[in-house]
>>> print(open('upload-v7.cif').read())   # mmCIF, C-alpha atoms and all ligand atoms
data_work
loop_
_atom_site.label_atom_id
_atom_site.label_comp_id
_atom_site.auth_asym_id
_atom_site.auth_seq_id
_atom_site.Cartn_x
_atom_site.Cartn_y
_atom_site.Cartn_z
CA MET B 200 -65.41 122.13 193.34
CA ALA B 201 -63.50 119.33 194.97
CA THR B 202 -66.37 116.89 195.39
CA MET B 203 -67.88 115.25 192.37
CA ILE B 204 -70.37 112.52 191.59
CA THR B 205 -69.14 109.73 189.38
CA SER B 206 -71.05 107.82 186.73
CA GLU B 207 -71.69 105.05 189.28
CA CYS B 208 -74.50 107.18 190.70
CA ILE B 209 -77.72 105.19 190.90
CA ASN B 210 -79.93 108.26 191.08
CA CYS B 211 -81.27 107.46 194.53
CA GLY B 212 -81.42 111.10 195.59
CA ALA B 213 -80.18 110.47 199.14
CA CYS B 214 -77.45 113.08 198.88
CA GLU B 215 -79.50 116.02 197.63
CA PRO B 216 -81.22 117.02 200.91
CA GLU B 217 -78.00 116.57 202.88
CA CYS B 218 -76.12 119.35 201.11
CA PRO B 219 -75.99 122.52 203.23
CA ASN B 220 -75.39 124.58 200.10
CA ASN B 221 -78.06 123.14 197.78
CA ALA B 222 -75.25 122.29 195.44
CA ILE B 223 -76.69 118.95 194.32
CA SER B 224 -79.31 118.56 191.67
CA GLN B 225 -80.70 115.80 189.54
CA GLU B 226 -79.85 115.62 185.88
CA GLU B 227 -81.02 113.16 183.29
CA GLU B 228 -79.01 110.14 184.36
CA ILE B 229 -77.20 111.01 187.51
CA TYR B 230 -77.07 113.65 190.22
CA VAL B 231 -74.48 116.39 189.82
CA ILE B 232 -72.74 118.87 192.07
CA ASP B 233 -72.50 122.56 191.18
CA PRO B 234 -68.81 123.42 191.62
CA LEU B 235 -69.64 127.03 192.43
CA LEU B 236 -71.75 125.99 195.42
CA CYS B 237 -69.89 123.02 196.86
CA THR B 238 -67.68 123.82 199.85
CA GLU B 239 -66.90 120.19 200.68
CA CYS B 240 -69.19 120.97 203.62
CA VAL B 241 -66.49 123.19 205.15
CA GLY B 242 -68.24 125.40 207.69
CA PHE B 243 -70.89 122.76 208.45
CA HIS B 244 -69.33 119.34 208.93
CA ASP B 245 -65.92 117.77 209.22
CA PHE B 246 -66.96 115.35 206.48
CA GLU B 247 -68.71 115.57 203.14
CA ALA B 248 -72.40 115.06 203.85
CA CYS B 249 -73.24 113.75 200.39
CA ALA B 250 -70.48 111.15 200.53
CA ALA B 251 -71.61 110.10 204.00
CA VAL B 252 -75.00 109.00 202.78
CA CYS B 253 -74.21 107.76 199.30
CA PRO B 254 -74.92 104.02 199.20
CA VAL B 255 -72.59 103.36 196.29
CA ASP B 256 -69.71 105.52 197.38
CA CYS B 257 -69.72 107.69 194.29
CA CYS B 258 -69.36 111.17 195.83
CA VAL B 259 -65.63 111.53 195.67
CA THR B 260 -62.93 114.16 195.79
CA ASP B 261 -62.14 115.46 192.32
CA PRO B 262 -58.36 115.01 192.04
CA ASN B 263 -58.27 117.53 189.20
CA ASN B 264 -59.85 120.28 191.22
CA ILE B 265 -58.32 120.50 194.64
CA GLU B 266 -59.27 123.58 196.63
CA THR B 267 -57.84 124.98 199.81
CA GLU B 268 -59.75 125.20 203.06
CA GLU B 269 -59.40 128.98 202.89
CA ALA B 270 -61.10 129.09 199.47
CA LEU B 271 -63.88 126.79 200.64
CA ILE B 272 -64.71 128.68 203.84
CA GLY B 273 -64.58 131.87 201.78
CA ARG B 274 -67.22 130.39 199.49
CA ALA B 275 -69.33 129.35 202.49
CA HIS B 276 -69.20 132.94 203.76
CA THR B 277 -70.35 134.16 200.36
CA ILE B 278 -73.23 131.70 200.09
CA HIS B 279 -74.34 132.13 203.71
CA ALA B 280 -73.69 135.81 204.25
CA ASP B 281 -75.77 135.88 207.44
CA THR B 282 -73.98 132.98 209.09
CA ASN B 283 -71.09 133.38 211.48
CA PHE B 284 -68.96 130.26 211.19
CA GLY B 285 -66.55 131.38 213.88
CA GLU B 286 -62.85 130.70 213.96
CA THR B 287 -63.14 127.03 214.78
CA PHE B 288 -65.58 126.11 212.04
CA GLU B 289 -66.16 122.51 211.09
CA SER B 290 -63.89 121.35 208.34
CA ARG B 291 -62.87 118.07 206.81
CA PHE B 292 -59.33 119.44 206.72
CA ARG B 293 -59.28 119.19 210.49
CA LYS B 294 -61.21 115.98 210.87
CA GLY B 295 -61.26 114.71 214.43
CA GLU B 296 -59.27 117.69 215.59
CA LYS B 297 -60.25 119.04 218.99
CA LYS B 298 -62.11 122.29 219.32
CA PRO B 299 -60.75 124.65 221.97
CA ASP B 300 -63.41 123.57 224.48
CA ALA B 301 -63.08 119.90 223.70
CA SER B 302 -62.05 117.25 226.18
CA PRO B 303 -58.43 116.92 227.30
CA ALA B 304 -55.71 115.36 225.22
CA PRO B 305 -55.52 111.60 225.04
CA LYS B 306 -53.50 109.90 227.64
CA SER B 307 -50.83 107.73 226.23
CA LEU B 308 -49.24 105.71 228.85
CA PRO B 309 -45.99 107.06 228.45
CA THR B 310 -43.37 108.84 230.19
CA LYS B 311 -45.10 111.81 231.71
CA GLU B 312 -47.70 109.80 233.57
CA ALA B 313 -45.33 106.98 234.28
CA ASP B 314 -43.01 109.57 235.82
CA GLN B 315 -45.92 110.94 237.78
CA LEU B 316 -46.68 107.46 239.07
CA THR B 317 -43.10 106.98 240.09
CA SER B 318 -43.02 110.35 241.78
CA ASP B 319 -46.34 109.75 243.55
CA SER B 320 -45.11 106.42 244.79
CA ALA B 321 -41.86 107.93 245.93
CA THR B 322 -43.52 110.64 247.98
CA SER B 323 -45.92 108.18 249.53
CA ASN B 324 -43.48 105.38 250.03
CA PRO B 325 -44.17 103.92 253.45
CA SER B 326 -40.69 102.58 253.72
CA ALA B 327 -39.27 106.08 253.64
CA PRO B 328 -38.23 107.59 256.97
CA SER B 329 -41.21 109.07 258.79
CA GLY B 330 -39.08 112.05 259.80
CA SER B 331 -40.56 112.80 263.22
CA ALA B 332 -40.76 110.93 266.46
CA PRO B 333 -44.11 109.91 267.91
CA GLN B 334 -45.94 112.69 269.71
CA GLY B 335 -47.87 111.71 272.80
CA GLU B 336 -50.92 109.60 272.01
CA GLN B 337 -50.96 110.50 268.33
CA SER B 338 -51.35 107.58 265.92
CA ALA B 339 -48.19 106.97 263.98
CA LEU B 340 -49.62 106.30 260.52
CA PRO B 341 -53.07 106.37 258.97
CA LEU B 342 -54.46 102.96 258.07
CA SER B 343 -55.41 103.91 254.57
CA GLY B 344 -54.37 102.41 251.27
CA GLU B 345 -55.96 105.16 249.23
CA MET B 346 -52.73 107.11 249.00
CA PHE B 347 -51.71 104.79 246.19
CA SER B 348 -53.78 105.48 243.13
CA LEU B 349 -53.51 103.44 239.96
CA ALA B 350 -55.34 106.13 237.97
CA PRO B 351 -52.24 107.00 235.93
CA LEU B 352 -52.32 103.43 234.61
CA ALA B 353 -55.76 103.82 233.07
CA LEU B 354 -55.91 103.44 229.31
CA PRO B 355 -56.33 106.58 227.20
CA ASP B 356 -59.92 107.71 226.66
CA SER B 357 -61.48 105.10 224.36
CA GLN B 358 -62.79 107.83 222.07
CA GLU B 359 -59.38 109.42 221.59
CA TRP B 360 -57.78 106.61 219.61
CA GLU B 361 -56.34 107.31 216.18
CA ILE B 362 -56.75 104.21 214.01
CA VAL B 363 -54.39 103.41 211.17
CA VAL B 364 -56.21 102.71 207.91
CA HIS B 365 -54.54 100.92 205.03
CA CYS B 366 -55.79 102.32 201.73
CA PHE B 367 -56.75 99.41 199.50
CA LYS B 368 -56.23 101.56 196.42
CA CYS B 369 -52.81 103.18 196.80
CA GLY B 370 -51.48 100.98 199.60
CA GLU B 371 -50.56 103.91 201.85
CA ASN B 372 -51.51 104.19 205.52
CA TYR B 373 -53.31 107.08 207.16
CA THR B 374 -54.81 107.67 210.56
CA VAL B 375 -58.41 108.45 211.42
CA SER B 376 -60.00 109.28 214.76
CA VAL B 377 -62.06 106.40 216.16
CA LYS B 378 -64.96 108.82 216.38
CA ARG B 379 -65.06 108.89 212.58
CA PHE B 380 -65.79 105.16 212.37
CA MET B 381 -69.53 105.67 212.60
CA ILE B 382 -71.81 103.75 210.31
CA GLY B 383 -72.22 105.61 207.04
CA ASN B 384 -69.23 107.91 207.50
CA VAL B 385 -66.90 108.22 204.56
CA LEU B 386 -63.15 108.17 205.09
CA PHE B 387 -60.80 109.57 202.50
CA CYS B 388 -57.25 108.49 201.85
CA PRO B 389 -55.18 111.69 201.96
CA HIS B 390 -52.73 110.19 199.46
CA CYS B 391 -55.00 109.13 196.60
CA PHE B 392 -58.34 110.55 197.80
CA LYS B 393 -60.01 107.15 197.55
CA SER B 394 -63.02 107.04 199.79
CA MET B 395 -64.11 104.23 202.08
CA VAL B 396 -67.54 103.96 203.68
CA VAL B 397 -67.76 102.71 207.26
CA LYS B 398 -70.21 99.81 207.27
CA ASP B 399 -71.88 98.35 210.33
CA ASN B 400 -69.50 95.38 210.58
CA LEU B 401 -66.44 97.64 210.73
CA ASN B 402 -68.06 99.86 213.32
CA PHE B 403 -69.11 96.80 215.35
CA GLU B 404 -65.68 95.22 215.25
CA ILE B 405 -63.91 98.38 216.37
CA GLN B 406 -66.36 99.15 219.16
CA THR B 407 -66.42 95.54 220.39
CA THR B 408 -62.63 95.33 220.40
CA LEU B 409 -62.34 98.57 222.36
CA LYS B 410 -65.02 97.49 224.83
CA GLU B 411 -63.48 94.09 225.52
CA VAL B 412 -59.93 95.37 225.94
CA TYR B 413 -61.03 98.25 228.18
CA LYS B 414 -63.20 95.97 230.32
CA SER B 415 -60.40 93.48 230.76
CA TRP B 416 -57.89 96.20 231.62
CA GLU B 417 -60.23 97.84 234.13
CA GLU B 418 -60.77 94.48 235.86
CA LYS B 419 -57.04 93.95 236.03
CA LEU B 420 -56.53 97.39 237.57
CA ALA B 421 -59.37 96.86 240.06
CA ASN B 422 -57.88 93.54 241.21
CA LEU B 423 -54.45 95.06 241.50
CA GLN B 424 -55.84 98.00 243.48
CA THR B 425 -57.58 95.63 245.93
CA LYS B 426 -54.46 93.55 246.44
CA ARG B 427 -52.28 96.61 246.76
CA ASN B 428 -54.57 98.23 249.31
CA GLN B 429 -54.43 95.04 251.39
CA ASP B 430 -50.63 94.91 251.16
CA ILE B 431 -50.44 98.54 252.19
CA ARG B 432 -52.73 98.00 255.18
CA ASN B 433 -50.65 95.03 256.34
CA PHE B 434 -47.46 96.99 255.92
CA GLN B 435 -48.87 99.96 257.78
CA ARG B 436 -49.97 97.74 260.66
CA LYS B 437 -46.42 96.43 260.91
CA LEU B 438 -45.06 99.99 260.87
CA ASN B 439 -47.57 101.08 263.46
CA LYS B 440 -46.54 98.22 265.75
CA GLU B 441 -42.89 99.22 265.40
CA LEU B 442 -43.77 102.82 266.15
CA GLN B 443 -45.87 101.85 269.19
CA ASP B 444 -42.96 99.81 270.57
CA LEU B 445 -40.65 102.73 269.95
CA ASP B 446 -43.10 105.07 271.65
CA ALA B 447 -43.23 102.80 274.73
CA GLU B 448 -39.46 102.82 274.81
CA ARG B 449 -39.55 106.60 274.55
CA GLN B 450 -41.74 106.76 277.64
CA ARG B 451 -39.22 104.63 279.51
CA VAL B 452 -36.36 106.85 278.34
CA ILE B 453 -38.28 109.97 279.39
CA GLN B 454 -39.01 108.54 282.84
CA GLY B 455 -35.41 107.39 283.25
CA LEU B 456 -34.11 110.79 282.20
CA LYS B 457 -36.51 112.52 284.59
CA ASP B 458 -35.19 110.38 287.48
CA GLN B 459 -31.60 111.00 286.45
CA LEU B 460 -32.08 114.79 286.31
CA LYS B 461 -33.84 114.74 289.66
CA GLY B 462 -30.93 112.77 291.12
CA ILE B 463 -28.46 115.34 289.81
CA THR B 464 -30.24 118.27 291.46
CA GLU B 465 -30.72 116.33 294.67
CA SER B 466 -27.05 115.53 294.97
CA TYR B 467 -25.85 118.98 293.98
CA LYS B 468 -23.89 120.73 296.74
CA ALA B 469 -25.07 124.24 296.16
CA PRO B 470 -23.16 127.07 297.90
CA GLY B 471 -24.95 127.98 301.14
CA ARG B 472 -26.69 124.68 301.33
CA PRO B 473 -26.78 123.66 304.98
CA ALA B 474 -24.41 120.79 305.46
CA LYS B 475 -25.44 117.99 307.67
CA LYS B 476 -23.64 118.28 311.00
CA ARG B 477 -21.60 115.29 311.87
CA ALA B 478 -21.15 114.09 315.48
CA LEU B 479 -17.81 114.76 317.05
CA PHE B 480 -16.96 111.09 317.52
CA GLY B 481 -18.59 109.76 314.51
CA TRP B 482 -22.01 108.93 315.90
CA GLY B 483 -25.15 110.76 316.77
S1 LIG B 501 -69.50 117.99 199.73
FE1 LIG B 501 -71.01 119.03 200.99
S2 LIG B 501 -71.22 120.98 200.01
FE2 LIG B 501 -70.30 119.66 198.47
S3 LIG B 501 -71.96 118.79 197.35
FE3 LIG B 501 -71.51 117.36 198.97
S4 LIG B 501 -72.91 117.92 200.62
FE4 LIG B 501 -72.84 119.65 199.19
S1 LIG B 502 -76.50 109.47 197.08
FE1 LIG B 502 -74.98 108.77 195.63
S2 LIG B 502 -76.07 107.37 194.32
FE2 LIG B 502 -77.62 108.56 195.40
S3 LIG B 502 -78.02 110.28 194.04
FE3 LIG B 502 -76.46 110.97 195.40
S4 LIG B 502 -74.55 110.52 194.34
FE4 LIG B 502 -76.12 109.37 193.33
#
>>> encode(input="upload-v7.cif", output="structure tokens")
Amino acid sequence: MATMITSECINCGACEPECPNNAISQEEEIYVIDPLLCTECVGFHDFEACAAVCPVDCCVTDPNNIETEEALIGRAHTIHADTNFGETFESRFRKGEKKPDASPAPKSLPTKEADQLTSDSATSNPSAPSGSAPQGEQSALPLSGEMFSLAPLALPDSQEWEIVVHCFKCGENYTVSVKRFMIGNVLFCPHCFKSMVVKDNLNFEIQTTLKEVYKSWEEKLANLQTKRNQDIRNFQRKLNKELQDLDAERQRVIQGLKDQLKGITESYKAPGRPAKKRALFGWG
């Protein structure tokens, strides 16, 4: 057994029905956990269900009886012989860890996406040479600002944050997925095993902070996108005008060249070409 109930138990009974292994029972003064049945909820939850509901925070990890995940899932298999827990079973040892089919990894604004942004911008850079001359009536450039996406500058998924928790007992820090900060959840310090219950004010503060920062950032991105699209349209109009002028000049060059070539063939003295007879005395 690695979960135990301390003498602070107030005998409320809230934990007993939560145990997937029926490991909790009432004794004379407090509830107790049968060490041969407790699996720390491994196989069922990524948290200890009894600790999650205990109002006085007295279901705690027994520091004198630490068990491995392997031993605990082995016990779950023994107790629930008909249950297939699969390879990615729930476990508090992998709290907040993604399952294979879970959503993609959190985006941290860092290098990879910043590089991508740079590379996207480089390939779409309107100031780069267009590479080919205008063709007939074809429009030189599309009047669209959509080629510049600010998506890589979005914040990471709000539910993928890892929050640093400072343990008030041992003073160490540890990180916990934001998804674990639900009201009633119990967080455990991995250094001293002290538990901490998430109350409604903590949940509220975290969710409100996330919401406000995300809203503000999304507004900033939206404004920037609007301004950028306008700048791009203006710039593309200027480029289009330059290209139209160049195209008009091309038409003049083509016509001039056509006339020049025609002049060359007209003045060419080809062998056998009948020469104009000249009058004997210079007239006629
Ligand atoms: S940790 Fe889970 S398995 Fe153990 S007593 Fe509590 S509810 Fe039951
Ligand atoms: S929920 Fe907590 S206080 Fe209530 S019986 Fe269980 S251990 Fe005791």
>>> residues_near_ligand(input="upload-v7.cif", ligand="ligand LIG 502 (chain B)", cutoff="7 Å", atoms="all atoms listed in the file", output="ChimeraX atom specification")
/B:204,208-215,229-230,249,252-258
>>> write_last_selection(input="upload-v7.cif", atoms="C-alpha atoms", output="PDB file, keeping the file's coordinate frame")
ATOM      1  CA  ILE B 204     -70.370 112.520 191.590  1.00  0.00           C
ATOM      2  CA  CYS B 208     -74.500 107.180 190.700  1.00  0.00           C
ATOM      3  CA  ILE B 209     -77.720 105.190 190.900  1.00  0.00           C
ATOM      4  CA  ASN B 210     -79.930 108.260 191.080  1.00  0.00           C
ATOM      5  CA  CYS B 211     -81.270 107.460 194.530  1.00  0.00           C
ATOM      6  CA  GLY B 212     -81.420 111.100 195.590  1.00  0.00           C
ATOM      7  CA  ALA B 213     -80.180 110.470 199.140  1.00  0.00           C
ATOM      8  CA  CYS B 214     -77.450 113.080 198.880  1.00  0.00           C
ATOM      9  CA  GLU B 215     -79.500 116.020 197.630  1.00  0.00           C
ATOM     10  CA  ILE B 229     -77.200 111.010 187.510  1.00  0.00           C
ATOM     11  CA  TYR B 230     -77.070 113.650 190.220  1.00  0.00           C
ATOM     12  CA  CYS B 249     -73.240 113.750 200.390  1.00  0.00           C
ATOM     13  CA  VAL B 252     -75.000 109.000 202.780  1.00  0.00           C
ATOM     14  CA  CYS B 253     -74.210 107.760 199.300  1.00  0.00           C
ATOM     15  CA  PRO B 254     -74.920 104.020 199.200  1.00  0.00           C
ATOM     16  CA  VAL B 255     -72.590 103.360 196.290  1.00  0.00           C
ATOM     17  CA  ASP B 256     -69.710 105.520 197.380  1.00  0.00           C
ATOM     18  CA  CYS B 257     -69.720 107.690 194.290  1.00  0.00           C
ATOM     19  CA  CYS B 258     -69.360 111.170 195.830  1.00  0.00           C
TER      20      CYS B 258
END
>>> axis_aligned_box(input="upload-v7.cif", around="ligand LIG 501 (chain B)", padding_each_side="8 Å", output="lines of an AutoDock Vina configuration file")
center_x = -71.2
center_y = 119.2
center_z = 199.2
size_x = 19.4
size_y = 19.6
size_z = 19.6
>>> residues_near_ligand(input="upload-v7.cif", ligand="ligand LIG 501 (chain B)", cutoff="9 Å", atoms="only C-alpha atoms and all ligand atoms", output="VMD selection string")
chain B and resid 200 to 204 214 to 223 231 to 234 236 to 241 243 to 244 246 to 251 258 to 260 275
>>> atom_distance(input="upload-v7.cif", atom1="atom CA of B:Glu361", atom2="atom CA of B:Arg293")
13.5 Å
>>> build_atoms(input="upload-v7.cif", residues="stretch 220-237 of chain B", atoms="N, CA and C atoms", output="PDB file, in the coordinates of the input")
ATOM      1  N   ASN B 220     -75.489 123.479 201.067  1.00  0.00           N
ATOM      2  CA  ASN B 220     -75.390 124.580 200.100  1.00  0.00           C
ATOM      3  C   ASN B 220     -76.324 124.433 198.900  1.00  0.00           C
ATOM      4  N   ASN B 221     -77.182 123.434 198.932  1.00  0.00           N
ATOM      5  CA  ASN B 221     -78.060 123.140 197.780  1.00  0.00           C
ATOM      6  C   ASN B 221     -77.256 123.032 196.484  1.00  0.00           C
ATOM      7  N   ALA B 222     -76.135 122.376 196.606  1.00  0.00           N
ATOM      8  CA  ALA B 222     -75.250 122.290 195.440  1.00  0.00           C
ATOM      9  C   ALA B 222     -75.566 121.075 194.566  1.00  0.00           C
ATOM     10  N   ILE B 223     -76.446 120.198 195.055  1.00  0.00           N
ATOM     11  CA  ILE B 223     -76.690 118.950 194.320  1.00  0.00           C
ATOM     12  C   ILE B 223     -78.047 119.003 193.621  1.00  0.00           C
ATOM     13  N   SER B 224     -78.028 118.587 192.400  1.00  0.00           N
ATOM     14  CA  SER B 224     -79.310 118.560 191.670  1.00  0.00           C
ATOM     15  C   SER B 224     -79.340 117.335 190.760  1.00  0.00           C
ATOM     16  N   GLN B 225     -80.547 116.998 190.354  1.00  0.00           N
ATOM     17  CA  GLN B 225     -80.700 115.800 189.540  1.00  0.00           C
ATOM     18  C   GLN B 225     -80.647 116.178 188.050  1.00  0.00           C
ATOM     19  N   GLU B 226     -79.852 115.426 187.320  1.00  0.00           N
ATOM     20  CA  GLU B 226     -79.850 115.620 185.880  1.00  0.00           C
ATOM     21  C   GLU B 226     -80.440 114.363 185.247  1.00  0.00           C
ATOM     22  N   GLU B 227     -80.324 114.255 183.978  1.00  0.00           N
ATOM     23  CA  GLU B 227     -81.020 113.160 183.290  1.00  0.00           C
ATOM     24  C   GLU B 227     -80.683 111.767 183.824  1.00  0.00           C
ATOM     25  N   GLU B 228     -79.378 111.496 183.964  1.00  0.00           N
ATOM     26  CA  GLU B 228     -79.010 110.140 184.360  1.00  0.00           C
ATOM     27  C   GLU B 228     -78.457 110.043 185.774  1.00  0.00           C
ATOM     28  N   ILE B 229     -77.779 111.046 186.163  1.00  0.00           N
ATOM     29  CA  ILE B 229     -77.200 111.010 187.510  1.00  0.00           C
ATOM     30  C   ILE B 229     -77.387 112.376 188.186  1.00  0.00           C
ATOM     31  N   TYR B 230     -77.085 112.378 189.489  1.00  0.00           N
ATOM     32  CA  TYR B 230     -77.070 113.650 190.220  1.00  0.00           C
ATOM     33  C   TYR B 230     -75.730 114.328 189.967  1.00  0.00           C
ATOM     34  N   VAL B 231     -75.735 115.653 190.042  1.00  0.00           N
ATOM     35  CA  VAL B 231     -74.480 116.390 189.820  1.00  0.00           C
ATOM     36  C   VAL B 231     -74.300 117.438 190.931  1.00  0.00           C
ATOM     37  N   ILE B 232     -73.078 117.855 191.064  1.00  0.00           N
ATOM     38  CA  ILE B 232     -72.740 118.870 192.070  1.00  0.00           C
ATOM     39  C   ILE B 232     -72.313 120.152 191.352  1.00  0.00           C
ATOM     40  N   ASP B 233     -72.885 121.274 191.768  1.00  0.00           N
ATOM     41  CA  ASP B 233     -72.500 122.560 191.180  1.00  0.00           C
ATOM     42  C   ASP B 233     -71.179 122.989 191.833  1.00  0.00           C
ATOM     43  N   PRO B 234     -70.125 123.106 191.046  1.00  0.00           N
ATOM     44  CA  PRO B 234     -68.810 123.420 191.620  1.00  0.00           C
ATOM     45  C   PRO B 234     -68.760 124.805 192.270  1.00  0.00           C
ATOM     46  N   LEU B 235     -69.668 125.681 191.868  1.00  0.00           N
ATOM     47  CA  LEU B 235     -69.640 127.030 192.430  1.00  0.00           C
ATOM     48  C   LEU B 235     -70.361 127.102 193.779  1.00  0.00           C
ATOM     49  N   LEU B 236     -71.029 126.011 194.147  1.00  0.00           N
ATOM     50  CA  LEU B 236     -71.750 125.990 195.420  1.00  0.00           C
ATOM     51  C   LEU B 236     -71.152 125.008 196.435  1.00  0.00           C
ATOM     52  N   CYS B 237     -70.442 124.022 195.944  1.00  0.00           N
ATOM     53  CA  CYS B 237     -69.890 123.020 196.860  1.00  0.00           C
ATOM     54  C   CYS B 237     -68.728 123.607 197.671  1.00  0.00           C
TER      55      CYS B 237
END
